[in-house]
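*Asks:* Below is the structure I would like to discuss, written out as structure tokens.
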Amino acid sequence: MLANTTFLIKLSHSSQNFTADNIKGSFNGTDIMPEYQGLSNIPENFEALFALHSEISFQGNLSRLVENTQGINGRIEKLDVTAPMESAIMRSPRRAVEFLHSDDYLDLRADLNSRVHSAQDAIIKAARYPNVNIRGRVIEYLITNSNPASRAQICEALENNLPLPQFLTEDRLGDYSKSYPSYDTETDIKTKILFLHGNPKGFNIDKLLKFLSEPKSVYLIYVLGIGSRDIFTRLISVFDERLISSTHIESHWSGRNTRGTVQFTEDALSNILNQPDCPQIDSDLAKQFLRRLIG
């Protein structure tokens, strides 16, 4: 039977020399995922499966394969959620609601929107970059980096179809950090290219739980809808009921010793972009969501 062989659980037992620095090995038929997100791994679904897989970075996928093949501990250990930590985590939805009704939320939204506006032409140009992982990193960098010379280099390269200069984006929980007297915020930028399909990868669950156990933590998602000429933005809580109702926990793309990551559906992001900029949190639903993440 034909199958998409990029959907691997691990490499074969004989591939023990396979490492992040020695990408050599083999796989057996049993190492191929038979289905993913309810889609059978058959030719009729290859296009949809590729769209899902393309949201996972090469480095993230490589680290997962190395860990699963060798049975070693991953870079991110499964968080030991103690009783005090769980209590703090379960208070985070209330803190999110308070933040969304504060002037600090308006300040953060205005800050992010201003950053998008100042680089709008380059962001729209970057949205057409063929490599999905580089595309996301470029857009993230254009929004979060405050070095005008570095941003100008990338803008010039995009405008003139030149090779992109070297730039660095960190592998952290959020893409943009900002602190206020009562809140420490982390914001993850999620891009929805309106003329393309894809379900973007979300947050690492253990990283999120560790952050939410801190007393002033607020985690947000900045949804960027990019069309051929326009950009639409929404700043919402990770507990927004429109988002968590369509958030899937994925263990395939994470190490065996972690809680995994989540994946957002493009339908949820489109729904948020098509509605007024009015974040929606149901506290009971948010707490159910957190209990599911803690497991």
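Ordered as shown in the structure tokens, chains take letters A, B, and onward, while each chain numbers its residues from 1 and ligands are numbered from 1 in the order shown.
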Write out as a list in words which residues come within 7 Å of Ile221 of chain A when counting only C-alpha atoms, dropping same-chain ones fewer than 2 positions away.

*Replies:*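 Counting only C-alpha atoms, the residues come to Thr187, Asp188, Ile189, Lys190, Val223, Leu235, Ile236, Ser237 and Val238 of chain A.
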
*Asks:* Selection from above, C-alpha atoms, as a PDB file, in the first residue's frame, can you write it?

*Replies:*
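Done, and the output landed in part.pdb:
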ATOM      1  CA  THR A 187       2.596  36.313  23.037  1.00  0.00           C
ATOM      2  CA  ASP A 188       2.781  33.646  20.340  1.00  0.00           C
ATOM      3  CA  ILE A 189       2.391  34.928  16.763  1.00  0.00           C
ATOM      4  CA  LYS A 190       0.287  32.654  14.574  1.00  0.00           C
ATOM      5  CA  VAL A 223      -3.464  35.921  15.073  1.00  0.00           C
ATOM      6  CA  LEU A 235      -4.979  39.463  20.068  1.00  0.00           C
ATOM      7  CA  ILE A 236      -6.664  36.759  22.126  1.00  0.00           C
ATOM      8  CA  SER A 237      -6.022  34.675  25.216  1.00  0.00           C
ATOM      9  CA  VAL A 238      -4.869  31.087  24.865  1.00  0.00           C
TER      10      VAL A 238
END

*Asks:* Find the residue from A:Ile205, A:Leu158, A:Ile143, A:Ile124 that sits nearest to Arg229 of chain A; use only C-alpha atoms when measuring.

*Replies:*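 Looking only at the distances to Arg229 of chain A, the closest residue turns out to be A:Ile124.
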
*Asks:* Can you pull out the residues contacting Cys155 of chain A? Cut-off 9 Å, using only C-alpha atoms, and skip same-chain residues under 2 positions away; I want them as a ChimeraX atom specification.

*Replies:* /A:119,121-123,125-126,142,150-153,157-160

*Asks:* For Gln288 of chain A, please output as a list of chain:residue names all residues within 12 Å (counting only C-alpha atoms; exclusion window: fewer than 4 positions along the same chain).

*Replies:*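 These residues fall inside the cut-off: A:Ile89, A:Met90, A:Pro93, A:Phe239, A:Glu241, A:Ile244, A:Ser245, A:Asp282, A:Ser283, A:Asp284, A:Arg292, A:Leu293, A:Ile294, A:Gly295.
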
*Asks:* Tell me which of A:Gly198, A:Pro84, A:Pro279, A:Pro43 sits closest to Leu220 of chain A, counting only C-alpha atoms.

*Replies:*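 Comparing A:Gly198, A:Pro84, A:Pro279, A:Pro43 against Leu220 of chain A, the winner is A:Pro279.
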
*Asks:* Measuring between only C-alpha atoms, which one of A:Glu250, A:Glu186, A:Asp277, A:Asp104 shows the shortest distance to Gln37 of chain A?

*Replies:*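 Closest to Gln37 of chain A of all the choices is A:Glu250.
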
*Asks:* Based on DSSP run over this structure's backbone, return all residues of segment 21-143 of chain A in alpha helix (DSSP H), as a PyMOL selection string.

*Replies:* chain A and resi 46-53+58-70+83-90+92-100+103-118+120-126+132-143

*Asks:* What separation in Å, quoted to one decimal, exists between atom CA of Phe203 of chain A and atom CA of Lys24 of chain A?

*Replies:* 29.0 Å

*Asks:* Please, what distance in Å, to one decimal, runs between atom CA of Ser213 of chain A and atom CA of Glu86 of chain A?

*Replies:*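 Straight-line distance from atom CA of Ser213 of chain A to atom CA of Glu86 of chain A works out to 7.0 Å.
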
*Asks:* Pick out the closest residue to Tyr219 of chain A from this set: A:His117, A:Arg95, A:Arg135, A:Lys287. Count only C-alpha atoms.

*Replies:*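 Once distances to Tyr219 of chain A are computed over only C-alpha atoms, the minimum belongs to A:Arg95.
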
*Asks:* Using DSSP on the backbone, list every residue of segment 132-282 of chain A that comes out as strand (DSSP E or B), and give them as JSON, numbers by chain.

*Replies:* {"A": [176, 177, 178, 179, 184, 185, 186, 187, 188, 189, 190, 191, 192, 193, 201, 202, 203, 204, 217, 218, 219, 220, 221, 222, 223, 224, 225, 226, 231, 232, 233, 234, 235, 236, 237, 240, 247, 248, 249, 250, 261, 262, 263, 264, 281]}

*Asks:* When you count only C-alpha atoms, which of these residues is closest to Tyr176 of chain A: A:Val218, A:Ile154, A:Ile231, A:Ala149?

*Replies:* A:Val218
